[in-house]
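Next up, start-v4.cif (mmCIF, C-alpha atoms):
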```
data_data
loop_
_atom_site.group_PDB
_atom_site.id
_atom_site.type_symbol
_atom_site.label_atom_id
_atom_site.label_comp_id
_atom_site.auth_asym_id
_atom_site.auth_seq_id
_atom_site.Cartn_x
_atom_site.Cartn_y
_atom_site.Cartn_z
ATOM 1 C CA MET A 1 0.000 0.000 0.000
ATOM 2 C CA THR A 2 1.373 3.406 -1.015
ATOM 3 C CA LYS A 3 1.969 5.715 1.906
ATOM 4 C CA ARG A 4 0.313 9.134 1.932
ATOM 5 C CA THR A 5 2.772 12.036 1.813
ATOM 6 C CA LEU A 6 3.254 14.862 4.306
ATOM 7 C CA LEU A 7 5.722 17.550 3.235
ATOM 8 C CA VAL A 8 7.378 19.821 5.827
ATOM 9 C CA ILE A 9 8.863 22.791 3.958
ATOM 10 C CA ASN A 10 10.371 24.708 6.871
ATOM 11 C CA LYS A 11 13.642 23.341 8.183
ATOM 12 C CA LEU A 12 13.045 22.084 11.718
ATOM 13 C CA GLU A 13 15.153 20.758 14.538
ATOM 14 C CA GLN A 14 15.389 16.959 14.532
ATOM 15 C CA HIS A 15 13.345 16.520 17.716
ATOM 16 C CA LEU A 16 10.458 18.485 16.163
ATOM 17 C CA MET A 17 10.566 16.341 13.007
ATOM 18 C CA ASP A 18 10.520 13.282 15.262
ATOM 19 C CA THR A 19 7.404 14.658 16.961
ATOM 20 C CA ILE A 20 5.656 15.005 13.589
ATOM 21 C CA ARG A 21 6.700 11.519 12.472
ATOM 22 C CA ARG A 22 5.386 9.996 15.720
ATOM 23 C CA ALA A 23 2.035 11.680 15.080
ATOM 24 C CA ALA A 24 1.844 10.180 11.565
ATOM 25 C CA PRO A 25 3.694 6.843 11.740
ATOM 26 C CA ASP A 26 2.069 5.427 8.621
ATOM 27 C CA TRP A 27 2.825 8.438 6.434
ATOM 28 C CA ASN A 28 5.763 9.296 4.219
ATOM 29 C CA VAL A 29 7.013 12.427 6.020
ATOM 30 C CA VAL A 30 9.339 14.410 3.767
ATOM 31 C CA ALA A 31 11.533 16.978 5.531
ATOM 32 C CA ALA A 32 13.067 20.144 4.150
ATOM 33 C CA ASP A 33 16.594 18.880 4.765
ATOM 34 C CA GLN A 34 15.945 15.947 2.469
ATOM 35 C CA SER A 35 16.348 16.181 -1.291
ATOM 36 C CA THR A 36 12.824 17.313 -2.122
ATOM 37 C CA GLU A 37 11.696 16.691 -5.669
ATOM 38 C CA GLU A 38 8.846 18.097 -7.719
ATOM 39 C CA ARG A 39 6.888 14.914 -7.172
ATOM 40 C CA HIS A 40 6.856 15.471 -3.415
ATOM 41 C CA TYR A 41 4.971 18.739 -3.893
ATOM 42 C CA LYS A 42 2.487 17.061 -6.207
ATOM 43 C CA GLU A 43 2.054 13.971 -4.031
ATOM 44 C CA ALA A 44 1.761 15.795 -0.702
ATOM 45 C CA GLU A 45 -1.706 15.501 0.814
ATOM 46 C CA ILE A 46 -0.544 17.738 3.662
ATOM 47 C CA ILE A 47 1.949 20.587 3.354
ATOM 48 C CA CYS A 48 3.389 22.308 6.412
ATOM 49 C CA GLY A 49 4.860 25.667 5.345
ATOM 50 C CA TRP A 50 4.780 27.398 1.962
ATOM 51 C CA ASN A 51 7.133 28.527 -0.781
ATOM 52 C CA ALA A 52 7.173 29.400 -4.474
ATOM 53 C CA LYS A 53 7.544 25.773 -5.551
ATOM 54 C CA ALA A 54 4.536 24.735 -3.474
ATOM 55 C CA LYS A 55 2.493 27.497 -5.113
ATOM 56 C CA GLN A 56 3.590 26.308 -8.545
ATOM 57 C CA LEU A 57 3.207 22.547 -8.108
ATOM 58 C CA SER A 58 0.828 21.684 -5.262
ATOM 59 C CA LEU A 59 -2.153 23.560 -6.697
ATOM 60 C CA GLU A 60 -1.950 22.287 -10.276
ATOM 61 C CA PRO A 61 -4.565 19.830 -11.614
ATOM 62 C CA GLY A 62 -4.055 16.346 -10.241
ATOM 63 C CA ALA A 63 -2.035 17.453 -7.182
ATOM 64 C CA ALA A 64 -2.978 15.698 -3.940
ATOM 65 C CA LEU A 65 -3.045 18.665 -1.515
ATOM 66 C CA LYS A 66 -5.972 18.605 0.912
ATOM 67 C CA TRP A 67 -4.618 20.554 3.882
ATOM 68 C CA LEU A 68 -2.126 23.424 4.136
ATOM 69 C CA GLN A 69 -0.636 24.488 7.479
ATOM 70 C CA THR A 70 1.048 27.879 7.158
ATOM 71 C CA TRP A 71 4.042 28.949 9.235
ATOM 72 C CA GLY A 72 2.653 32.409 9.973
ATOM 73 C CA ALA A 73 -0.613 34.012 11.031
ATOM 74 C CA GLY A 74 -1.097 36.235 7.978
ATOM 75 C CA ILE A 75 -2.521 34.518 4.902
ATOM 76 C CA ASP A 76 -3.187 37.482 2.593
ATOM 77 C CA ARG A 77 -0.223 36.590 0.334
ATOM 78 C CA LEU A 78 -1.460 33.064 -0.343
ATOM 79 C CA PRO A 79 -3.468 32.199 -3.500
ATOM 80 C CA LEU A 80 -6.665 32.215 -1.472
ATOM 81 C CA ASP A 81 -9.071 32.051 -4.402
ATOM 82 C CA THR A 82 -7.455 28.849 -5.663
ATOM 83 C CA ILE A 83 -7.269 27.322 -2.189
ATOM 84 C CA LYS A 84 -10.934 28.090 -1.639
ATOM 85 C CA ARG A 85 -11.992 26.818 -5.068
ATOM 86 C CA LYS A 86 -10.177 23.530 -4.539
ATOM 87 C CA GLY A 87 -11.701 23.091 -1.065
ATOM 88 C CA ILE A 88 -8.291 22.811 0.614
ATOM 89 C CA TRP A 89 -8.325 23.113 4.381
ATOM 90 C CA LEU A 90 -6.150 26.008 5.522
ATOM 91 C CA THR A 91 -4.813 26.428 9.050
ATOM 92 C CA ASN A 92 -2.455 29.150 10.236
ATOM 93 C CA ALA A 93 -0.065 29.742 13.124
ATOM 94 C CA SER A 94 -2.307 32.070 15.106
ATOM 95 C CA GLY A 95 -1.499 31.794 18.810
ATOM 96 C CA VAL A 96 2.259 31.519 18.307
ATOM 97 C CA HIS A 97 2.851 35.270 18.438
ATOM 98 C CA PRO A 98 1.169 36.819 21.516
ATOM 99 C CA TYR A 99 4.223 36.714 23.815
ATOM 100 C CA PRO A 100 6.958 37.954 21.436
ATOM 101 C CA ILE A 101 4.771 40.554 19.727
ATOM 102 C CA SER A 102 3.266 41.941 22.937
ATOM 103 C CA GLU A 103 6.777 42.251 24.376
ATOM 104 C CA SER A 104 7.910 44.008 21.191
ATOM 105 C CA VAL A 105 4.993 46.448 21.438
ATOM 106 C CA PHE A 106 5.968 47.401 24.959
ATOM 107 C CA ALA A 107 9.625 47.599 24.009
ATOM 108 C CA MET A 108 8.685 50.241 21.424
ATOM 109 C CA LEU A 109 6.176 51.915 23.740
ATOM 110 C CA LEU A 110 8.666 52.313 26.573
ATOM 111 C CA ALA A 111 11.433 53.362 24.200
ATOM 112 C CA PHE A 112 9.230 56.206 22.982
ATOM 113 C CA THR A 113 7.902 57.192 26.395
ATOM 114 C CA ARG A 114 11.333 57.192 28.037
ATOM 115 C CA GLN A 115 13.115 58.378 24.850
ATOM 116 C CA LEU A 116 15.409 55.351 24.781
ATOM 117 C CA HIS A 117 15.491 55.348 20.976
ATOM 118 C CA ARG A 118 17.085 58.796 21.019
ATOM 119 C CA SER A 119 19.510 57.799 23.775
ATOM 120 C CA VAL A 120 20.696 54.857 21.682
ATOM 121 C CA ARG A 121 21.190 57.114 18.660
ATOM 122 C CA ASN A 122 23.069 59.656 20.760
ATOM 123 C CA GLN A 123 25.271 56.896 22.143
ATOM 124 C CA SER A 124 26.256 55.766 18.648
ATOM 125 C CA GLU A 125 27.212 59.381 17.886
ATOM 126 C CA ARG A 126 28.999 59.860 21.245
ATOM 127 C CA LYS A 127 26.604 62.620 22.310
ATOM 128 C CA TRP A 128 25.689 63.359 25.930
ATOM 129 C CA GLU A 129 22.256 64.968 25.673
ATOM 130 C CA PRO A 130 19.972 64.417 28.687
ATOM 131 C CA SER A 131 16.301 64.727 27.721
ATOM 132 C CA SER A 132 13.648 66.705 29.575
ATOM 133 C CA ARG A 133 10.787 65.239 27.515
ATOM 134 C CA LEU A 134 10.409 61.962 29.364
ATOM 135 C CA GLY A 135 6.846 60.759 29.824
ATOM 136 C CA GLU A 136 5.204 57.887 31.681
ATOM 137 C CA ALA A 137 3.134 54.971 30.475
ATOM 138 C CA HIS A 138 1.319 54.435 33.768
ATOM 139 C CA GLY A 139 -2.267 55.661 33.785
ATOM 140 C CA ARG A 140 -2.411 56.378 30.041
ATOM 141 C CA THR A 141 -5.019 55.193 27.539
ATOM 142 C CA MET A 142 -4.264 52.485 24.989
ATOM 143 C CA LEU A 143 -6.366 51.721 21.923
ATOM 144 C CA ILE A 144 -5.981 48.240 20.416
ATOM 145 C CA LEU A 145 -7.244 47.666 16.891
ATOM 146 C CA GLY A 146 -7.993 43.989 16.482
ATOM 147 C CA VAL A 147 -8.396 42.254 19.824
ATOM 148 C CA GLY A 148 -7.438 38.713 18.880
ATOM 149 C CA GLU A 149 -4.893 36.571 20.717
ATOM 150 C CA ILE A 150 -2.137 39.175 20.317
ATOM 151 C CA GLY A 151 -4.395 42.080 21.217
ATOM 152 C CA LYS A 152 -5.601 40.298 24.332
ATOM 153 C CA GLU A 153 -2.043 39.760 25.576
ATOM 154 C CA ILE A 154 -1.191 43.412 24.921
ATOM 155 C CA ALA A 155 -4.282 44.479 26.868
ATOM 156 C CA LYS A 156 -3.319 42.252 29.791
ATOM 157 C CA ILE A 157 0.131 43.846 30.039
ATOM 158 C CA ALA A 158 -1.348 47.332 29.655
ATOM 159 C CA LYS A 159 -3.507 46.758 32.733
ATOM 160 C CA ALA A 160 -0.329 46.081 34.728
ATOM 161 C CA PHE A 161 0.617 49.698 33.895
ATOM 162 C CA GLY A 162 -2.747 50.887 35.166
ATOM 163 C CA MET A 163 -3.821 51.868 31.664
ATOM 164 C CA THR A 164 -7.351 52.366 30.417
ATOM 165 C CA VAL A 165 -7.703 49.947 27.500
ATOM 166 C CA ILE A 166 -10.086 50.505 24.607
ATOM 167 C CA GLY A 167 -10.541 47.765 22.022
ATOM 168 C CA VAL A 168 -11.825 47.674 18.466
ATOM 169 C CA ARG A 169 -13.085 44.430 17.018
ATOM 170 C CA ARG A 170 -15.515 43.474 14.308
ATOM 171 C CA SER A 171 -18.102 42.018 16.674
ATOM 172 C CA GLY A 172 -17.728 44.588 19.432
ATOM 173 C CA ALA A 173 -17.880 41.727 21.959
ATOM 174 C CA ALA A 174 -16.475 42.423 25.430
ATOM 175 C CA GLU A 175 -13.062 41.042 26.414
ATOM 176 C CA GLN A 176 -11.216 40.589 29.686
ATOM 177 C CA SER A 177 -8.613 43.341 30.350
ATOM 178 C CA VAL A 178 -10.394 45.658 27.884
ATOM 179 C CA ASP A 179 -12.319 48.428 29.630
ATOM 180 C CA ARG A 180 -14.398 49.385 26.617
ATOM 181 C CA MET A 181 -14.961 47.697 23.273
ATOM 182 C CA THR A 182 -16.275 49.187 20.054
ATOM 183 C CA THR A 183 -16.702 48.118 16.438
ATOM 184 C CA PHE A 184 -14.955 49.557 13.372
ATOM 185 C CA GLU A 185 -17.822 52.027 13.072
ATOM 186 C CA GLY A 186 -16.806 53.519 16.414
ATOM 187 C CA LEU A 187 -13.091 53.856 15.583
ATOM 188 C CA GLU A 188 -13.107 57.606 14.877
ATOM 189 C CA GLY A 189 -14.725 58.289 18.219
ATOM 190 C CA VAL A 190 -11.934 56.671 20.262
ATOM 191 C CA LEU A 191 -8.804 57.766 18.374
ATOM 192 C CA ALA A 192 -8.779 61.233 19.941
ATOM 193 C CA GLU A 193 -8.687 59.967 23.531
ATOM 194 C CA SER A 194 -5.853 57.465 23.111
ATOM 195 C CA ASP A 195 -2.194 57.940 24.047
ATOM 196 C CA TYR A 196 -1.039 54.722 22.388
ATOM 197 C CA ILE A 197 -2.707 53.228 19.307
ATOM 198 C CA VAL A 198 -1.688 49.633 18.587
ATOM 199 C CA ASN A 199 -2.752 48.157 15.243
ATOM 200 C CA CYS A 200 -3.026 44.346 15.268
ATOM 201 C CA LEU A 201 -5.337 44.021 12.252
ATOM 202 C CA PRO A 202 -5.172 41.507 9.399
ATOM 203 C CA LEU A 203 -5.389 42.863 5.862
ATOM 204 C CA THR A 204 -8.855 42.491 4.360
ATOM 205 C CA GLU A 205 -11.015 44.610 2.061
ATOM 206 C CA GLU A 206 -12.542 46.089 5.204
ATOM 207 C CA THR A 207 -9.220 46.999 6.860
ATOM 208 C CA LYS A 208 -7.144 48.247 3.897
ATOM 209 C CA HIS A 209 -5.910 51.762 4.810
ATOM 210 C CA ILE A 210 -8.283 51.822 7.766
ATOM 211 C CA ILE A 211 -5.715 54.156 9.347
ATOM 212 C CA GLY A 212 -5.183 57.117 7.015
ATOM 213 C CA ARG A 213 -5.017 60.908 6.891
ATOM 214 C CA GLU A 214 -8.284 61.510 8.726
ATOM 215 C CA SER A 215 -7.292 59.001 11.418
ATOM 216 C CA PHE A 216 -3.972 60.734 12.108
ATOM 217 C CA LYS A 217 -5.705 64.119 12.251
ATOM 218 C CA LEU A 218 -7.924 62.784 15.043
ATOM 219 C CA MET A 219 -5.002 61.518 17.150
ATOM 220 C CA LYS A 220 -3.360 63.561 19.883
ATOM 221 C CA PRO A 221 -0.084 65.308 18.941
ATOM 222 C CA SER A 222 1.397 63.388 21.892
ATOM 223 C CA ALA A 223 0.102 59.996 20.693
ATOM 224 C CA PHE A 224 2.273 57.110 19.528
ATOM 225 C CA TYR A 225 1.116 54.771 16.757
ATOM 226 C CA MET A 226 2.395 51.198 16.538
ATOM 227 C CA ASN A 227 1.533 48.860 13.687
ATOM 228 C CA ILE A 228 2.300 45.180 14.218
ATOM 229 C CA GLY A 229 -0.628 44.156 12.004
ATOM 230 C CA ARG A 230 -0.391 43.976 8.224
ATOM 231 C CA GLY A 231 1.276 46.894 6.455
ATOM 232 C CA GLY A 232 -1.618 47.555 4.087
ATOM 233 C CA THR A 233 -3.913 48.506 6.963
ATOM 234 C CA THR A 234 -2.027 51.830 7.197
ATOM 235 C CA ASP A 235 -1.716 54.518 4.536
ATOM 236 C CA THR A 236 2.056 54.926 4.692
ATOM 237 C CA GLU A 237 2.108 58.258 2.865
ATOM 238 C CA ALA A 238 -0.387 59.671 5.352
ATOM 239 C CA LEU A 239 1.738 58.330 8.203
ATOM 240 C CA VAL A 240 4.866 60.069 6.896
ATOM 241 C CA GLU A 241 2.921 63.333 6.620
ATOM 242 C CA ALA A 242 1.606 62.990 10.181
ATOM 243 C CA LEU A 243 5.097 62.361 11.559
ATOM 244 C CA ARG A 244 6.647 65.249 9.642
ATOM 245 C CA GLU A 245 3.875 67.669 10.603
ATOM 246 C CA GLY A 246 3.822 66.625 14.262
ATOM 247 C CA SER A 247 0.235 65.374 14.121
ATOM 248 C CA ILE A 248 1.474 62.439 16.211
ATOM 249 C CA ALA A 249 4.567 62.048 18.391
ATOM 250 C CA GLY A 250 6.005 58.874 16.892
ATOM 251 C CA ALA A 251 5.436 55.514 15.241
ATOM 252 C CA GLY A 252 6.732 51.993 15.738
ATOM 253 C CA LEU A 253 6.381 49.848 12.620
ATOM 254 C CA ASP A 254 6.929 46.174 11.965
ATOM 255 C CA VAL A 255 5.515 45.670 8.459
ATOM 256 C CA PHE A 256 4.885 47.803 5.391
ATOM 257 C CA GLU A 257 2.956 47.700 2.149
ATOM 258 C CA GLN A 258 6.310 47.229 0.418
ATOM 259 C CA GLU A 259 8.875 44.915 1.998
ATOM 260 C CA PRO A 260 11.752 45.334 2.443
ATOM 261 C CA LEU A 261 11.451 49.077 2.927
ATOM 262 C CA PRO A 262 13.422 50.828 0.138
ATOM 263 C CA ALA A 263 16.610 52.580 1.223
ATOM 264 C CA ASP A 264 15.302 55.920 -0.049
ATOM 265 C CA HIS A 265 11.978 55.701 1.813
ATOM 266 C CA PRO A 266 11.353 58.865 3.883
ATOM 267 C CA LEU A 267 10.618 56.875 7.044
ATOM 268 C CA TRP A 268 14.336 56.096 7.398
ATOM 269 C CA GLY A 269 15.113 59.772 7.894
ATOM 270 C CA LEU A 270 12.661 60.434 10.714
ATOM 271 C CA ASP A 271 13.968 60.340 14.285
ATOM 272 C CA ASN A 272 10.525 59.734 15.810
ATOM 273 C CA VAL A 273 10.164 56.321 14.163
ATOM 274 C CA ILE A 274 11.253 52.850 15.286
ATOM 275 C CA LEU A 275 11.468 50.379 12.389
ATOM 276 C CA THR A 276 11.769 46.626 12.811
ATOM 277 C CA PRO A 277 12.371 44.325 9.817
ATOM 278 C CA HIS A 278 9.197 42.292 10.286
ATOM 279 C CA HIS A 279 10.560 40.423 13.288
ATOM 280 C CA THR A 280 8.386 41.357 16.275
ATOM 281 C CA GLY A 281 6.920 37.841 16.156
ATOM 282 C CA VAL A 282 10.286 36.083 16.000
ATOM 283 C CA THR A 283 11.175 33.979 19.012
ATOM 284 C CA THR A 284 13.308 30.952 19.841
ATOM 285 C CA GLU A 285 10.033 29.211 20.767
ATOM 286 C CA TYR A 286 8.419 29.769 17.348
ATOM 287 C CA ASN A 287 8.943 26.386 15.674
ATOM 288 C CA ARG A 288 7.946 24.447 18.768
ATOM 289 C CA ARG A 289 4.681 26.356 19.067
ATOM 290 C CA VAL A 290 3.760 25.869 15.400
ATOM 291 C CA VAL A 291 4.527 22.161 15.632
ATOM 292 C CA ASP A 292 2.305 21.916 18.733
ATOM 293 C CA ILE A 293 -0.589 23.369 16.713
ATOM 294 C CA PHE A 294 0.191 21.207 13.697
ATOM 295 C CA VAL A 295 0.495 17.944 15.627
ATOM 296 C CA THR A 296 -2.815 18.542 17.411
ATOM 297 C CA ASN A 297 -4.486 19.000 14.033
ATOM 298 C CA LEU A 298 -2.545 16.100 12.532
ATOM 299 C CA ALA A 299 -3.901 13.721 15.162
ATOM 300 C CA ALA A 300 -7.440 14.710 14.222
ATOM 301 C CA TYR A 301 -6.762 14.527 10.480
ATOM 302 C CA THR A 302 -5.115 11.093 10.501
ATOM 303 C CA ALA A 303 -8.099 9.815 12.504
ATOM 304 C CA GLY A 304 -10.427 10.948 9.736
ATOM 305 C CA GLY A 305 -11.390 14.286 11.291
ATOM 306 C CA VAL A 306 -10.993 17.973 10.499
ATOM 307 C CA PRO A 307 -7.857 19.977 11.422
ATOM 308 C CA SER A 308 -9.917 22.405 13.516
ATOM 309 C CA VAL A 309 -7.275 24.426 15.429
ATOM 310 C CA ASN A 310 -6.872 27.754 13.582
ATOM 311 C CA LEU A 311 -8.981 26.517 10.674
ATOM 312 C CA ILE A 312 -9.626 29.471 8.353
ATOM 313 C CA ALA A 313 -13.315 29.918 7.572
ATOM 314 C CA GLN A 314 -13.850 29.805 3.810
ATOM 315 C CA ASP A 315 -16.406 32.599 3.903
ATOM 316 C CA ARG A 316 -13.881 35.030 5.481
ATOM 317 C CA MET A 317 -10.447 33.711 4.454
ATOM 318 C CA TYR A 318 -8.456 35.587 7.117
#
```
Could you render the structure as structure tokens?
Amino acid sequence: MTKRTLLVINKLEQHLMDTIRRAAPDWNVVAADQSTEERHYKEAEIICGWNAKAKQLSLEPGAALKWLQTWGAGIDRLPLDTIKRKGIWLTNASGVHPYPISESVFAMLLAFTRQLHRSVRNQSERKWEPSSRLGEAHGRTMLILGVGEIGKEIAKIAKAFGMTVIGVRRSGAAEQSVDRMTTFEGLEGVLAESDYIVNCLPLTEETKHIIGRESFKLMKPSAFYMNIGRGGTTDTEALVEALREGSIAGAGLDVFEQEPLPADHPLWGLDNVILTPHHTGVTTEYNRRVVDIFVTNLAAYTAGGVPSVNLIAQDRMY
């Protein structure tokens, strides 16, 4: 009897590959460190990870793919129409990122509030310039756009600083550690009262450029904007204008509409910006956490069930 094929595209530590093989003992588990051939992409019923070759070969007529486990939370760059049309189950890595991303948000927040980013720049230039513009995070108001797993962890930490936390989510449903929740329709009404605005949104038709010129005009001149959601949710040109004009005090950015950010992009020249090369979610625990999600789903799938953890709903596809 021919074994069914499971292809792991991301290179994993041996003990994690062993964990996957134990969960599917009767399968042909092909690892990234093996000599993968075109046939493996075509024969794979399950693919863990994604790359250009998978896009080219695993979605063509006659390919065996039935379930794709991505290695990240965002799925907007996948060929979603084709995946949906073929009825392929799609699961993502949501839940892996709350700790590293929430810590990155507060690293940026505290750097801005205590002016650490300027101190670091002064140090590299051998300047001794004490600052008198040092603020405090305690007792401030934070607005979180997109209160999913990451947003919830950010809210929890914010409460430790005694902050008032306002959340924005599609449903408007209440959430622990969030003092007040609103829907997207109520976004304009809460921007003006927030000291920190943290964008955790996925990129959909509804969220594209949801933060733009009018949004920045509503923010306090002392407010800091941090985007760890998808880059396309923010109008970057409007953000540059707001930073140059002093409409807001600063911005911490993890992703952009164009990656990597071009060397001549005006954001590089602004001293009230902290840029990270799309790594706020990176952690030494990343692979282990994705494999935990994958193996849980794999147990259900090999038993004839549905890989239900982080299963993307076909009617929403995000």
Need to verify the contact set: A:Leu270, 10 Å, only C-alpha atoms, exclusion of same-chain residues closer than 3 positions in sequence. Can you return it as a PyMOL selection string? chain A and resi 240+243-244+250-251+266-267+273-274
Could you work out how far atom CA of A:Ile83 lies from atom CA of A:Arg169, giving the answer in Å with one decimal? 26.4 Å
Tell me which protein, DNA and RNA residues are within 8 Å of A:Asp235, counting only C-alpha atoms, leaving out same-chain ones fewer than 6 positions away, and put them as a PyMOL selection string. chain A and resi 209-213
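Taking only C-alpha atoms into account, the protein, DNA and RNA residues within 10 Å of (-3.4, 46.8, 3.6) read A:Asp76, A:Leu201, A:Pro202, A:Leu203, A:Thr204, A:Glu205, A:Glu206, A:Thr207, A:Lys208, A:His209, A:Ile210, A:Ile211, A:Gly229, A:Arg230, A:Gly231, A:Gly232, A:Thr233, A:Thr234, A:Asp235, A:Thr236, A:Phe256, A:Glu257.
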Residue neighbourhood A:Ala63, 10 Å, only C-alpha atoms, exclusion window fewer than 6 positions, as a list of chain:residue names: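 Here the qualifying residues turn out to be A:Arg39, A:His40, A:Tyr41, A:Lys42, A:Glu43, A:Ala44, A:Glu45, A:Leu57.
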Go ahead and write the residues just picked, C-alpha atoms, as a PDB file, in the frame of the given file.
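Okay, this is what ended up in again-v7.pdb:
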```
ATOM      1  CA  ARG A  39       6.888  14.914  -7.172  1.00  0.00           C
ATOM      2  CA  HIS A  40       6.856  15.471  -3.415  1.00  0.00           C
ATOM      3  CA  TYR A  41       4.971  18.739  -3.893  1.00  0.00           C
ATOM      4  CA  LYS A  42       2.487  17.061  -6.207  1.00  0.00           C
ATOM      5  CA  GLU A  43       2.054  13.971  -4.031  1.00  0.00           C
ATOM      6  CA  ALA A  44       1.761  15.795  -0.702  1.00  0.00           C
ATOM      7  CA  GLU A  45      -1.706  15.501   0.814  1.00  0.00           C
ATOM      8  CA  LEU A  57       3.207  22.547  -8.108  1.00  0.00           C
TER       9      LEU A  57
END
```
Once you add 5 Å to each side, what are the centre and edge lengths of the axis-aligned box holding all listed atoms of stretch 121-140 of chain A? One decimal in Å, as AutoDock Vina command-line options, if you can.
```
--center_x 13.3 --center_y 60.6 --center_z 25.8 --size_x 41.4 --size_y 22.3 --size_z 25.9
```
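Residue selection for this entry, given the PyMOL selection byres ((chain A and resi 84) around 12), comprises Leu59, Lys66, Trp67, Leu68, Leu78, Pro79, Leu80, Asp81, Thr82, Ile83, Arg85, Lys86, Gly87, Ile88, Trp89, Leu90, Ile312, Ala313, Gln314, Asp315, Arg316, Met317 and Tyr318 of chain A.
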List every residue of stretch 128-220 of chain A that has an atom at most 9 Å from any atom of stretch 115-123 of chain A, and for each one report the closest atom pair and its distance in Å to one decimal, counting all atoms listed in the file, with rows sorted by chain and then by increasing residue number, as JSON lines.
```
{"residue": "A:Trp128", "atom": "CA", "partner": "A:Asn122", "partner_atom": "CA", "distance": 6.9}
{"residue": "A:Glu129", "atom": "CA", "partner": "A:Asn122", "partner_atom": "CA", "distance": 7.3}
{"residue": "A:Pro130", "atom": "CA", "partner": "A:Ser119", "partner_atom": "CA", "distance": 8.3}
{"residue": "A:Ser131", "atom": "CA", "partner": "A:Gln115", "partner_atom": "CA", "distance": 7.7}
{"residue": "A:Arg133", "atom": "CA", "partner": "A:Gln115", "partner_atom": "CA", "distance": 7.7}
{"residue": "A:Leu134", "atom": "CA", "partner": "A:Gln115", "partner_atom": "CA", "distance": 6.4}
{"residue": "A:Gly135", "atom": "CA", "partner": "A:Gln115", "partner_atom": "CA", "distance": 8.3}
```
So which residues touch A:Val105 within 10 Å, counting all atoms listed in the file, skipping near sequence neighbours fewer than 3 positions away, as an NGL selection string? :A and (100-102 or 108-111 or 154 or 198 or 226-228 or 252-254 or 280)
For a test of reading the model, state the distance in Å between atom CA of A:Lys53 and atom CA of A:Leu261, rounded to one decimal.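 Taking atom CA of A:Lys53 as the start and atom CA of A:Leu261 as the end point, the length is 25.1 Å.
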Could you give me, as a ChimeraX atom specification, the residues within 12 Å of stretch 298-308 of chain A, counting only C-alpha atoms and dropping anything in the same chain fewer than 6 positions from it? /A:4-6,19-27,45-48,66-69,88-92,290-292
Kindly give the distance, in Å, that separates atom CA of A:Lys217 and atom CA of A:Ser247, rounded to a single decimal.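 Rounded to one decimal, the two atoms are 6.4 Å apart.
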Would you translate the PyMOL selection byres ((chain A and resi 286) around 12) into the concrete set of residues it matches in this file, as a PyMOL selection string? chain A and resi 10+12-13+16+71-73+93-101+279-285+287-293
